[in-house]
file my_file23.cif (mmCIF, C-alpha atoms)
data_coords
#
loop_
_atom_site.label_atom_id
_atom_site.label_comp_id
_atom_site.auth_asym_id
_atom_site.auth_seq_id
_atom_site.Cartn_x
_atom_site.Cartn_y
_atom_site.Cartn_z
CA MET A 1 123.58 80.23 153.15
CA ASN A 2 125.88 83.24 152.66
CA LYS A 3 129.18 83.52 150.80
CA ASP A 4 131.29 83.04 153.96
CA GLN A 5 129.66 79.69 154.69
CA LEU A 6 130.10 78.58 151.09
CA MET A 7 133.72 79.65 151.22
CA GLU A 8 134.20 77.57 154.38
CA TYR A 9 132.83 74.47 152.63
CA ALA A 10 135.12 75.08 149.66
CA VAL A 11 138.17 75.43 151.92
CA TRP A 12 137.11 72.31 153.82
CA LEU A 13 136.92 70.30 150.60
CA ARG A 14 140.30 71.56 149.46
CA ASP A 15 141.88 70.72 152.84
CA ILE A 16 140.54 67.16 152.63
CA LEU A 17 142.15 66.76 149.20
CA ILE A 18 145.47 68.06 150.52
CA GLU A 19 145.28 65.65 153.49
CA GLN A 20 144.82 62.81 151.00
CA GLY A 21 148.18 63.68 149.46
CA VAL A 22 147.00 65.82 146.57
CA GLY A 23 149.17 68.86 145.88
CA SER A 24 147.77 72.26 146.81
CA PHE A 25 147.52 73.38 143.15
CA TRP A 26 145.74 70.26 141.96
CA ALA A 27 143.58 70.30 145.08
CA SER A 28 142.46 73.80 144.10
CA VAL A 29 141.85 72.66 140.50
CA ILE A 30 139.79 69.63 141.58
CA ASN A 31 137.94 71.74 144.14
CA THR A 32 137.11 74.37 141.50
CA ALA A 33 136.03 71.71 138.97
CA VAL A 34 133.70 70.07 141.48
CA LEU A 35 132.17 73.41 142.39
CA ILE A 36 131.69 74.24 138.69
CA ILE A 37 129.91 70.94 138.06
CA ILE A 38 127.69 71.33 141.12
CA THR A 39 126.89 74.96 140.26
CA THR A 40 126.12 74.06 136.63
CA LEU A 41 123.73 71.30 137.66
CA VAL A 42 122.02 73.47 140.24
CA ALA A 43 121.76 76.38 137.76
CA PHE A 44 120.29 74.05 135.12
CA VAL A 45 117.70 72.69 137.55
CA ILE A 46 116.81 76.21 138.71
CA ASP A 47 116.54 77.36 135.07
CA VAL A 48 114.17 74.52 134.16
CA ILE A 49 112.03 74.93 137.27
CA THR A 50 111.81 78.73 137.18
CA ARG A 51 111.14 78.73 133.43
CA LYS A 52 108.20 76.34 133.83
CA ILE A 53 106.85 78.22 136.84
CA ILE A 54 107.11 81.66 135.24
CA VAL A 55 105.70 80.50 131.91
CA GLN A 56 102.74 78.83 133.62
CA LEU A 57 102.14 81.89 135.80
CA PHE A 58 102.16 84.11 132.72
CA LYS A 59 99.76 81.80 130.90
CA ALA A 60 97.42 81.64 133.89
CA PHE A 61 97.51 85.41 134.27
CA SER A 62 96.94 85.98 130.55
CA ASN A 63 93.94 83.62 130.57
CA ARG A 64 92.32 85.59 133.39
CA SER A 65 93.18 89.11 132.29
CA LYS A 66 90.95 91.06 129.91
CA THR A 67 93.79 92.51 127.86
CA THR A 68 95.55 90.40 125.23
CA PHE A 69 98.94 92.10 125.58
CA ASP A 70 100.18 89.47 128.02
CA ASP A 71 99.17 86.74 125.56
CA TYR A 72 101.57 88.23 123.04
CA LEU A 73 104.27 88.41 125.73
CA VAL A 74 103.96 84.66 126.17
CA LYS A 75 104.11 84.06 122.41
CA SER A 76 107.30 86.15 122.12
CA ASN A 77 109.07 84.03 124.80
CA PHE A 78 109.31 86.93 127.24
CA PRO A 79 108.76 84.67 130.29
CA ARG A 80 111.52 82.28 129.15
CA PHE A 81 114.08 85.05 128.85
CA VAL A 82 113.12 86.46 132.25
CA ALA A 83 113.49 82.99 133.79
CA HIS A 84 117.12 82.81 132.62
CA ALA A 85 117.93 85.67 134.98
CA PHE A 86 117.57 83.47 138.09
CA PRO A 87 120.32 80.90 137.31
CA LEU A 88 122.50 83.78 136.09
CA ALA A 89 122.06 85.51 139.47
CA LEU A 90 123.04 82.27 141.22
CA VAL A 91 126.16 81.85 139.10
CA TRP A 92 127.13 85.48 139.59
CA TYR A 93 126.72 85.05 143.35
CA LEU A 94 128.91 81.93 143.45
CA ILE A 95 131.72 83.03 141.11
CA PRO A 96 133.87 84.51 143.96
CA VAL A 97 133.48 81.23 145.87
CA ILE A 98 134.14 78.89 142.97
CA PHE A 99 137.21 80.70 141.66
CA ALA A 100 138.60 81.92 144.97
CA ASP A 101 141.95 80.25 144.24
CA PHE A 102 142.15 81.58 140.66
CA MET A 103 141.59 85.32 140.71
CA GLU A 104 142.58 85.86 137.08
CA LEU A 105 140.16 83.18 135.90
CA GLN A 106 137.52 84.67 138.17
CA ARG A 107 137.76 88.03 136.34
CA HIS A 108 137.35 86.32 132.95
CA VAL A 109 134.32 84.36 134.12
CA GLU A 110 132.76 87.51 135.57
CA THR A 111 133.34 89.21 132.20
CA LEU A 112 131.56 86.33 130.43
CA ALA A 113 128.69 86.61 132.91
CA GLU A 114 128.43 90.35 132.22
CA ALA A 115 128.39 89.68 128.47
CA TYR A 116 125.66 87.07 128.93
CA LEU A 117 123.65 89.55 131.02
CA VAL A 118 123.91 92.15 128.24
CA ILE A 119 122.76 89.61 125.62
CA LEU A 120 119.90 88.50 127.87
CA CYS A 121 118.77 92.12 128.29
CA ILE A 122 118.81 92.56 124.51
CA LEU A 123 116.73 89.41 124.03
CA VAL A 124 114.20 90.62 126.60
CA PHE A 125 114.08 94.00 124.83
CA ARG A 126 113.55 92.27 121.47
CA SER A 127 110.77 90.17 122.94
CA ILE A 128 109.01 93.29 124.21
CA LEU A 129 109.33 94.98 120.80
CA ARG A 130 107.91 91.92 119.03
CA THR A 131 105.06 91.83 121.51
CA ILE A 132 104.21 95.48 120.89
CA THR A 133 104.42 94.96 117.11
CA ASN A 134 102.13 91.91 117.08
CA TYR A 135 99.73 93.49 119.55
CA LEU A 136 99.34 96.70 117.52
CA ARG A 137 99.07 94.88 114.20
CA GLU A 138 96.44 92.36 115.29
CA THR A 139 94.35 94.55 117.61
CA ASN A 140 94.42 97.91 115.84
CA PRO A 141 93.44 97.93 112.14
CA LYS A 142 95.27 101.18 111.39
CA TYR A 143 98.61 99.47 112.11
CA ALA A 144 97.88 96.32 110.08
CA ASP A 145 99.49 97.65 106.90
CA LYS A 146 102.26 99.76 108.48
CA PRO A 147 105.95 98.70 108.22
CA LEU A 148 106.40 98.23 111.99
CA GLU A 149 109.18 95.70 111.46
CA SER A 150 111.37 98.46 110.05
CA TYR A 151 111.22 100.43 113.29
CA VAL A 152 111.79 97.29 115.34
CA GLN A 153 114.88 96.51 113.29
CA VAL A 154 116.23 100.02 113.77
CA MET A 155 115.79 99.82 117.54
CA MET A 156 117.38 96.37 117.57
CA ILE A 157 120.38 97.70 115.63
CA PHE A 158 120.87 100.38 118.27
CA ALA A 159 120.31 97.82 121.04
CA TRP A 160 122.90 95.42 119.62
CA GLY A 161 125.27 98.32 118.98
CA ALA A 162 125.00 99.48 122.60
CA GLY A 163 125.30 95.87 123.77
CA ILE A 164 128.49 95.33 121.77
CA PHE A 165 129.95 98.53 123.24
CA PHE A 166 129.20 97.35 126.78
CA ILE A 167 130.66 93.91 126.09
CA ILE A 168 133.83 95.43 124.65
CA ASN A 169 134.02 97.71 127.67
CA ALA A 170 133.64 94.73 130.00
CA ILE A 171 136.31 92.70 128.20
CA THR A 172 138.90 95.42 127.62
CA GLY A 173 138.04 97.87 130.36
CA TYR A 174 138.47 100.65 127.78
CA SER A 175 135.98 103.51 128.13
CA ILE A 176 133.60 103.90 125.22
CA LYS A 177 133.09 107.55 126.11
CA SER A 178 136.21 108.58 124.28
CA ILE A 179 135.36 110.98 121.43
CA ALA A 180 137.95 109.41 119.19
CA THR A 181 136.52 105.96 119.80
CA LEU A 182 132.99 107.09 119.13
CA SER A 183 134.09 108.84 115.94
CA ALA A 184 135.85 105.74 114.67
CA VAL A 185 132.90 103.55 115.57
CA SER A 186 130.51 105.99 113.86
CA ALA A 187 132.56 105.84 110.68
CA VAL A 188 132.51 102.03 110.76
CA ILE A 189 128.76 101.99 111.41
CA LEU A 190 128.11 104.36 108.50
CA LEU A 191 130.18 102.14 106.24
CA ILE A 192 128.76 98.80 107.34
CA PHE A 193 125.15 99.87 107.79
CA LYS A 194 124.89 102.21 104.79
CA ASP A 195 122.08 100.18 103.18
CA THR A 196 120.33 99.81 106.51
CA ILE A 197 120.44 103.56 107.14
CA LEU A 198 119.12 104.25 103.64
CA GLY A 199 116.41 101.66 104.22
CA PHE A 200 115.51 103.27 107.54
CA VAL A 201 115.15 106.69 105.90
CA ALA A 202 113.13 105.13 103.09
CA SER A 203 110.82 103.25 105.46
CA ILE A 204 110.09 106.47 107.36
CA GLN A 205 109.28 108.32 104.11
CA VAL A 206 107.19 105.41 102.87
CA SER A 207 105.23 105.38 106.13
CA VAL A 208 104.82 109.16 106.43
CA ASN A 209 103.87 109.63 102.77
CA ASP A 210 101.75 106.46 102.80
CA THR A 211 103.44 105.33 99.59
CA VAL A 212 103.18 101.59 100.16
CA ARG A 213 101.32 99.48 102.68
CA ILE A 214 101.39 95.78 103.42
CA GLY A 215 98.68 94.24 101.23
CA ASP A 216 99.07 96.77 98.40
CA TRP A 217 99.25 95.50 94.84
CA ILE A 218 102.30 97.05 93.20
CA THR A 219 103.99 96.68 89.81
CA PHE A 220 107.74 97.34 89.74
CA SER A 221 108.99 96.58 86.24
CA LYS A 222 112.65 97.20 87.11
CA TYR A 223 112.65 94.26 89.52
CA GLY A 224 110.00 92.16 87.77
CA ALA A 225 107.59 92.52 90.67
CA ASP A 226 103.84 92.35 90.11
CA GLY A 227 101.80 91.28 93.12
CA LEU A 228 100.96 91.95 96.76
CA VAL A 229 103.35 93.45 99.30
CA THR A 230 103.71 90.90 102.12
CA GLU A 231 106.52 92.44 104.18
CA ILE A 232 108.31 95.78 104.54
CA THR A 233 111.62 95.78 106.42
CA LEU A 234 114.63 98.06 106.59
CA ALA A 235 116.53 96.24 103.89
CA ALA A 236 113.85 95.01 101.51
CA VAL A 237 110.21 94.90 100.51
CA ARG A 238 108.88 91.43 99.80
CA VAL A 239 106.32 91.07 97.01
CA GLN A 240 104.38 87.88 96.30
CA ASN A 241 103.82 87.85 92.56
CA TRP A 242 100.66 86.50 90.97
CA ASP A 243 102.51 83.32 89.94
CA ASN A 244 103.25 82.76 93.68
CA THR A 245 106.93 83.58 93.29
CA TYR A 246 108.54 86.19 95.52
CA THR A 247 110.47 89.28 94.49
CA THR A 248 112.64 91.24 96.91
CA ILE A 249 112.95 94.97 96.29
CA PRO A 250 115.39 97.25 98.16
CA THR A 251 113.33 99.51 100.41
CA TYR A 252 115.22 102.57 99.24
CA SER A 253 114.04 101.88 95.67
CA LEU A 254 110.51 102.79 96.72
CA ILE A 255 111.54 106.43 96.97
CA SER A 256 114.34 106.54 94.39
CA ASP A 257 112.61 104.69 91.50
CA SER A 258 109.19 104.77 89.89
CA PHE A 259 106.66 102.00 90.45
CA GLN A 260 102.91 101.51 90.13
CA ASN A 261 100.65 101.12 93.16
CA TRP A 262 97.14 99.82 92.42
CA ARG A 263 95.70 100.85 95.79
CA GLY A 264 93.98 103.89 94.25
CA MET A 265 92.08 101.59 91.91
CA GLN A 266 91.16 99.22 94.75
CA GLU A 267 89.83 102.08 96.87
CA SER A 268 87.96 103.81 94.01
CA ASN A 269 84.44 103.11 92.76
CA GLY A 270 85.54 101.18 89.70
CA ARG A 271 88.35 99.65 87.69
CA ARG A 272 89.18 101.10 84.32
CA ILE A 273 88.60 99.26 81.06
CA LYS A 274 90.66 100.70 78.23
CA ARG A 275 90.96 98.66 75.05
CA SER A 276 90.66 99.18 71.30
CA LEU A 277 89.17 97.45 68.28
CA TYR A 278 91.00 97.92 64.96
CA ILE A 279 88.54 98.50 62.12
CA LYS A 280 89.57 97.95 58.51
CA GLN A 281 89.37 101.31 56.80
CA ALA A 282 88.14 99.75 53.54
CA SER A 283 84.99 98.53 55.30
CA ILE A 284 83.91 102.05 56.32
CA LYS A 285 81.19 103.55 54.10
CA PHE A 286 78.40 106.12 53.83
CA LEU A 287 74.95 104.73 54.61
CA SER A 288 72.43 104.50 51.81
CA SER A 289 68.70 104.62 52.47
CA GLU A 290 68.65 100.81 52.33
CA ASP A 291 71.48 100.64 54.90
CA ILE A 292 69.66 103.06 57.16
CA GLU A 293 66.50 100.95 57.11
CA LYS A 294 68.55 97.84 57.80
CA PHE A 295 70.41 99.38 60.75
CA LYS A 296 67.15 100.65 62.27
CA ALA A 297 66.46 97.05 63.16
CA VAL A 298 69.19 97.34 65.82
CA GLU A 299 67.16 98.51 68.80
CA LEU A 300 69.92 100.31 70.71
CA VAL A 301 70.69 102.70 67.82
CA ARG A 302 67.25 103.09 66.23
CA PRO A 303 66.44 106.36 68.09
CA PHE A 304 69.87 107.75 67.25
CA ILE A 305 69.62 106.86 63.54
CA GLU A 306 66.14 108.34 63.17
CA HIS A 307 67.02 111.57 64.96
CA ARG A 308 70.35 111.91 63.21
CA GLN A 309 68.83 111.29 59.78
CA LYS A 310 66.19 114.00 60.31
CA VAL A 311 68.92 116.50 61.16
CA ILE A 312 70.96 115.46 58.09
CA ASP A 313 67.96 115.59 55.72
CA LYS A 314 67.07 119.11 56.86
CA TYR A 315 70.65 120.24 56.33
CA ASN A 316 70.87 118.71 52.86
CA GLU A 317 67.54 120.27 51.81
CA ARG A 318 68.62 123.67 53.08
CA THR A 319 71.96 123.53 51.24
CA GLY A 320 70.52 121.89 48.09
CA ALA A 321 73.01 119.02 48.19
CA ASP A 322 73.01 116.69 45.15
CA LYS A 323 72.29 113.31 46.76
CA SER A 324 72.70 111.39 43.53
CA LEU A 325 76.17 110.86 44.98
CA LEU A 326 76.37 109.90 48.65
CA VAL A 327 79.55 111.91 49.14
CA ASN A 328 77.62 115.16 48.66
CA GLY A 329 76.17 116.89 51.68
CA ARG A 330 76.10 115.22 55.08
CA ASN A 331 75.75 111.48 55.62
CA GLN A 332 75.82 108.86 58.32
CA THR A 333 78.54 106.19 58.27
CA ASN A 334 78.44 102.63 59.44
CA LEU A 335 81.41 103.32 61.77
CA GLY A 336 79.65 106.31 63.33
CA VAL A 337 76.55 104.24 63.96
CA PHE A 338 78.68 101.41 65.37
CA ARG A 339 80.41 103.82 67.77
CA LYS A 340 77.01 105.00 68.97
CA TYR A 341 75.94 101.37 69.37
CA MET A 342 79.01 100.65 71.51
CA ASP A 343 78.30 103.71 73.66
CA ALA A 344 74.64 102.73 74.09
CA TYR A 345 75.62 99.17 74.97
CA LEU A 346 77.97 100.42 77.69
CA HIS A 347 75.17 102.58 79.14
CA GLU A 348 72.88 99.55 79.19
CA SER A 349 75.42 97.21 80.82
CA PRO A 350 74.82 96.70 84.58
CA ALA A 351 78.52 95.92 85.07
CA ILE A 352 79.64 99.44 84.08
CA ASN A 353 79.69 102.32 86.57
CA LYS A 354 77.74 105.11 84.89
CA ASP A 355 78.87 107.68 87.46
CA MET A 356 82.46 107.47 86.27
CA TYR A 357 83.99 108.59 83.00
CA MET A 358 82.81 106.68 79.93
CA MET A 359 83.83 107.24 76.33
CA VAL A 360 84.08 105.56 72.90
CA ARG A 361 86.54 107.39 70.66
CA HIS A 362 88.61 107.35 67.49
CA LEU A 363 92.38 107.15 67.71
CA ASN A 364 94.84 108.05 64.97
CA PRO A 365 94.67 105.66 61.98
CA THR A 366 97.45 103.09 61.88
CA ASP A 367 98.67 100.46 59.44
CA LYS A 368 96.35 98.05 61.23
CA GLY A 369 93.24 100.16 60.71
CA ILE A 370 91.37 102.71 62.77
CA PRO A 371 91.48 102.07 66.52
CA ILE A 372 88.11 102.52 68.22
CA GLU A 373 88.95 102.80 71.91
CA ILE A 374 86.59 102.10 74.77
CA MET A 375 87.23 103.75 78.12
CA CYS A 376 84.90 103.00 81.01
CA TRP A 377 84.92 101.65 84.58
CA SER A 378 83.57 98.38 85.89
CA TYR A 379 81.86 98.16 89.27
CA ASP A 380 83.63 94.92 90.11
CA LYS A 381 87.36 95.38 90.81
CA VAL A 382 88.21 91.75 91.54
CA TRP A 383 90.71 90.70 88.91
CA GLN A 384 88.91 87.58 87.66
CA ASN A 385 85.53 89.32 87.48
CA TYR A 386 87.06 92.40 85.87
CA GLU A 387 88.66 90.33 83.12
CA ALA A 388 85.38 88.48 82.55
CA ILE A 389 83.45 91.76 82.22
CA GLN A 390 86.02 93.15 79.78
CA ALA A 391 86.02 89.95 77.74
CA ASP A 392 82.21 89.86 77.56
CA LEU A 393 82.10 93.42 76.27
CA PHE A 394 84.59 92.84 73.48
CA ASP A 395 83.17 89.44 72.58
CA HIS A 396 79.91 91.22 71.92
CA PHE A 397 81.43 94.16 70.03
CA ILE A 398 83.52 91.93 67.77
CA ALA A 399 80.50 89.78 66.97
CA ALA A 400 78.29 92.87 66.47
CA SER A 401 80.65 94.60 64.03
CA LYS A 402 79.53 92.43 61.09
CA TYR A 403 75.93 93.69 61.51
CA PHE A 404 77.24 97.16 60.65
CA ASP A 405 79.15 95.89 57.61
CA LEU A 406 82.49 96.47 59.37
CA GLU A 407 85.54 94.23 59.45
CA ILE A 408 87.98 93.79 62.31
CA PHE A 409 91.63 93.93 61.28
CA GLU A 410 93.60 90.71 61.58
CA LEU A 411 96.96 89.74 60.16
CA PRO A 412 96.64 87.21 57.30
CA SER A 413 96.69 83.60 58.41
CA GLY A 414 97.67 80.50 56.47
CA LYS A 415 94.16 80.07 55.07
CA ASP A 416 94.08 83.70 53.91
CA LEU A 417 97.35 83.30 52.03
CA ALA A 418 96.17 80.01 50.55
CA ALA A 419 92.97 81.67 49.30
CA LEU A 420 95.03 84.35 47.59
CA GLY A 421 97.08 81.66 45.85
#

call {"tool": "encode", "arguments": {"input": "my_file23.cif", "output": "structure tokens"}}
result
Amino acid sequence: MNKDQLMEYAVWLRDILIEQGVGSFWASVINTAVLIIITTLVAFVIDVITRKIIVQLFKAFSNRSKTTFDDYLVKSNFPRFVAHAFPLALVWYLIPVIFADFMELQRHVETLAEAYLVILCILVFRSILRTITNYLRETNPKYADKPLESYVQVMMIFAWGAGIFFIINAITGYSIKSIATLSAVSAVILLIFKDTILGFVASIQVSVNDTVRIGDWITFSKYGADGLVTEITLAAVRVQNWDNTYTTIPTYSLISDSFQNWRGMQESNGRRIKRSLYIKQASIKFLSSEDIEKFKAVELVRPFIEHRQKVIDKYNERTGADKSLLVNGRNQTNLGVFRKYMDAYLHESPAINKDMYMMVRHLNPTDKGIPIEIMCWSYDKVWQNYEAIQADLFDHFIAASKYFDLEIFELPSGKDLAALG
């Protein structure tokens, strides 16, 4: 049925109303209202039927095809948006018939239809972008940690911007090609979307420089963030902290401020252990011959003590040192032997990576004693296991210190103060 036949039916219905005594104006109003109701019902039925048919066809096709791209099209509602085009085409076709008696109203309805078409095109475009994003992220590992949402958001901003221009053009009839108009609009866009533009620039730099990926563990003290990056968008980076709270960080802050990314540790061959024991300076002493014999019972340092003592004895004999006082000549100390014990224990531990840097060293004396710092790397980088390895090491060293006549510094407690009293 073409437009001329539909127009004949509309005129026939209006003539019947006029013959029944209805005025020509009200006859046109009633005729138009009836046509609107009929068209709305028909468009709704067509929308429901075509949506179900297209969705089922897409699902059937996706089940038979080898590629999974069409599966993601279905998930992003692409078939549903495409199905809406059929009732819109019907309405557009019938607008001149329905509003034949109201030309001014017809122009407004056509403008609304054009606006709806623009919005529908944007929704279809968004669905395609989401499909591409999900497809790349879930089928290609190299895109799994990339901020694809940022680029999708940028393209959607341009799509909505262009859509708004076309809608304004359809409503006002004013050309958007005017340089003055574009300049004014550009100024407004720069003002309104300043943060978005900064975020877009930041997301590009973050992606190109590989500063942050989704899944990275970052620490950003300024914003109180300490956890895994779960999402990177134009406006913000979402971090799930270790207490399961979420912190939102402006994307631009990733290139303007300093933060800590633990990815290097996660990709390396070990995780660093760096911690100190504070030794009371008053407990440090030269070793007498009795002390040396006692410390030889510690298996890990026996070879060191014997070799070291031979070197010291030769030196003292050559220089004629008076050993009636231990301070004369060269001597071993209980702290030196304990440091060697700690080093030997680290070399014996299966949890420590021997191929990476390992050191036991003195730090500058403090009011809390002499810090003896351990720096080494554990094979296991999982947080719980890493903490357990570190705790086991220092449990042992603290307990072992008394066998070398050393004391660990500790602030006086209530019992200590009571003993002094």

call {"tool": "resolve_selection", "arguments": {"input": "my_file23.cif", "expression": "the PyMOL selection byres ((chain A and resi 288) around 10)", "output": "short mmCIF file (atom, residue, chain, number, x, y, z; two decimals) with C-alpha atoms, keeping the file's coordinate frame"}}
result
data_model
loop_
_atom_site.label_atom_id
_atom_site.label_comp_id
_atom_site.auth_asym_id
_atom_site.auth_seq_id
_atom_site.Cartn_x
_atom_site.Cartn_y
_atom_site.Cartn_z
CA LYS A 285 81.19 103.55 54.10
CA PHE A 286 78.40 106.12 53.83
CA LEU A 287 74.95 104.73 54.61
CA SER A 289 68.70 104.62 52.47
CA GLU A 290 68.65 100.81 52.33
CA ASP A 291 71.48 100.64 54.90
CA ILE A 292 69.66 103.06 57.16
CA GLU A 293 66.50 100.95 57.11
CA LYS A 294 68.55 97.84 57.80
CA LEU A 326 76.37 109.90 48.65
CA ASN A 331 75.75 111.48 55.62
CA GLN A 332 75.82 108.86 58.32
CA THR A 333 78.54 106.19 58.27
CA ASN A 334 78.44 102.63 59.44
#

call {"tool": "resolve_selection", "arguments": {"input": "my_file23.cif", "expression": "the PyMOL selection byres ((chain A and resi 77-85) around 8)", "output": "list in words"}}
result
Asp47, Thr50, Arg51, Ile54, Val55, Phe58, Leu73, Val74, Lys75, Ser76, Phe86, Pro87, Leu88, Ala89, Leu117, Leu120, Leu123, Val124, Ser127 and Ile128 of chain A

call {"tool": "write_last_selection", "arguments": {"input": "my_file23.cif", "atoms": "C-alpha atoms", "output": "tab-separated table (two decimals), in the frame of the given file"}}
result
chain	number	residue	atom	x	y	z
A	47	ASP	CA	116.54	77.36	135.07
A	50	THR	CA	111.81	78.73	137.18
A	51	ARG	CA	111.14	78.73	133.43
A	54	ILE	CA	107.11	81.66	135.24
A	55	VAL	CA	105.70	80.50	131.91
A	58	PHE	CA	102.16	84.11	132.72
A	73	LEU	CA	104.27	88.41	125.73
A	74	VAL	CA	103.96	84.66	126.17
A	75	LYS	CA	104.11	84.06	122.41
A	76	SER	CA	107.30	86.15	122.12
A	86	PHE	CA	117.57	83.47	138.09
A	87	PRO	CA	120.32	80.90	137.31
A	88	LEU	CA	122.50	83.78	136.09
A	89	ALA	CA	122.06	85.51	139.47
A	117	LEU	CA	123.65	89.55	131.02
A	120	LEU	CA	119.90	88.50	127.87
A	123	LEU	CA	116.73	89.41	124.03
A	124	VAL	CA	114.20	90.62	126.60
A	127	SER	CA	110.77	90.17	122.94
A	128	ILE	CA	109.01	93.29	124.21

call {"tool": "residues_around", "arguments": {"input": "my_file23.cif", "residues": "Gln260 in chain A", "least_positions_apart": "3", "cutoff": "8 Å", "atoms": "all atoms listed in the file", "output": "list in words"}}
result
Ile218, Thr219 and Phe220 of chain A

call {"tool": "resolve_selection", "arguments": {"input": "my_file23.cif", "expression": "the PyMOL selection byres ((chain A and resi 265) around 12)", "output": "list in words"}}
result
Asp216, Trp217, Ile218, Gln260, Asn261, Trp262, Arg263, Gly264, Gln266, Glu267, Ser268, Asn269, Gly270, Arg271, Arg272, Ile273, Trp377, Ser378, Tyr379, Asp380, Lys381, Val382 and Trp383 of chain A

call {"tool": "atom_distance", "arguments": {"input": "my_file23.cif", "atom1": "CA of Leu112 in chain A", "atom2": "CA of Ala43 in chain A"}}
result
15.8 Å

call {"tool": "closest_residue", "arguments": {"input": "my_file23.cif", "among": "A:Ser324, A:Thr111, A:Thr366, A:Thr233", "to": "Lys280 in chain A", "atoms": "all atoms listed in the file"}}
result
A:Thr366

call {"tool": "residues_around", "arguments": {"input": "my_file23.cif", "residues": "Pro303 in chain A", "least_positions_apart": "4", "cutoff": "12 Å", "atoms": "only C-alpha atoms", "output": "number ranges by chain"}}
result
A: 292, 295-299, 307-310, 337, 340-341, 344

call {"tool": "closest_atom_pairs", "arguments": {"input": "my_file23.cif", "of": "range 264-355 of chain A", "to": "range 403-409 of chain A", "cutoff": "7 Å", "atoms": "all atoms listed in the file", "output": "tab-separated table"}}
result
residue	atom	partner	partner_atom	distance
A:Tyr278	CA	A:Phe409	CA	5.5
A:Ile279	CA	A:Ile408	CA	4.7
A:Lys280	CA	A:Phe409	CA	5.3
A:Ser283	CA	A:Leu406	CA	5.2
A:Ile284	CA	A:Leu406	CA	6.5
A:Asn334	CA	A:Phe404	CA	5.7
A:Phe338	CA	A:Phe404	CA	6.5

call {"tool": "residues_around", "arguments": {"input": "my_file23.cif", "residues": "range 149-164 of chain A", "least_positions_apart": "5", "cutoff": "9 Å", "atoms": "only C-alpha atoms", "output": "list in words"}}
result
Ala115, Val118, Ile119, Cys121, Ile122, Phe125, Arg126, Leu129, Arg130, Thr133, Asn169, Thr196, Ile197, Gly199, Phe200, Ser203, Ile204, Glu231, Ile232, Thr233, Leu234 and Ala235 of chain A

call {"tool": "atom_distance", "arguments": {"input": "my_file23.cif", "atom1": "CA of Val206 in chain A", "atom2": "CA of Arg137 in chain A"}}
result
17.5 Å

call {"tool": "residues_around", "arguments": {"input": "my_file23.cif", "residues": "Tyr246 in chain A", "least_positions_apart": "2", "cutoff": "12 Å", "atoms": "all atoms listed in the file", "output": "number ranges by chain"}}
result
A: 223-231, 236-244, 248-249

call {"tool": "closest_residue", "arguments": {"input": "my_file23.cif", "among": "A:Thr245, A:Asn328, A:Ser256, A:Asn364", "to": "Leu198 in chain A", "atoms": "all atoms listed in the file"}}
result
A:Ser256

call {"tool": "atom_distance", "arguments": {"input": "my_file23.cif", "atom1": "CA of Asn134 in chain A", "atom2": "CA of Ile214 in chain A"}}
result
14.2 Å

call {"tool": "axis_aligned_box", "arguments": {"input": "my_file23.cif", "around": "range 398-402 of chain A", "padding_each_side": "8 Å", "output": "JSON"}}
result
{"center_x": 80.9, "center_y": 92.2, "center_z": 64.4, "size_x": 21.2, "size_y": 20.8, "size_z": 22.7}

call {"tool": "closest_residue", "arguments": {"input": "my_file23.cif", "among": "A:Asn140, A:Thr131, A:Asp367, A:Ile53", "to": "Gln281 in chain A", "atoms": "only C-alpha atoms"}}
result
A:Asp367

call {"tool": "closest_residue", "arguments": {"input": "my_file23.cif", "among": "A:Gly336, A:Asn316, A:Arg275, A:Phe165", "to": "Ala391 in chain A", "atoms": "all atoms listed in the file"}}
result
A:Arg275

call {"tool": "closest_residue", "arguments": {"input": "my_file23.cif", "among": "A:Val360, A:Ala170, A:Leu41, A:Asp322", "to": "Ala113 in chain A", "atoms": "all atoms listed in the file"}}
result
A:Ala170

call {"tool": "closest_residue", "arguments": {"input": "my_file23.cif", "among": "A:Leu420, A:Leu90, A:Glu387, A:Lys59", "to": "Phe44 in chain A", "atoms": "all atoms listed in the file"}}
result
A:Leu90
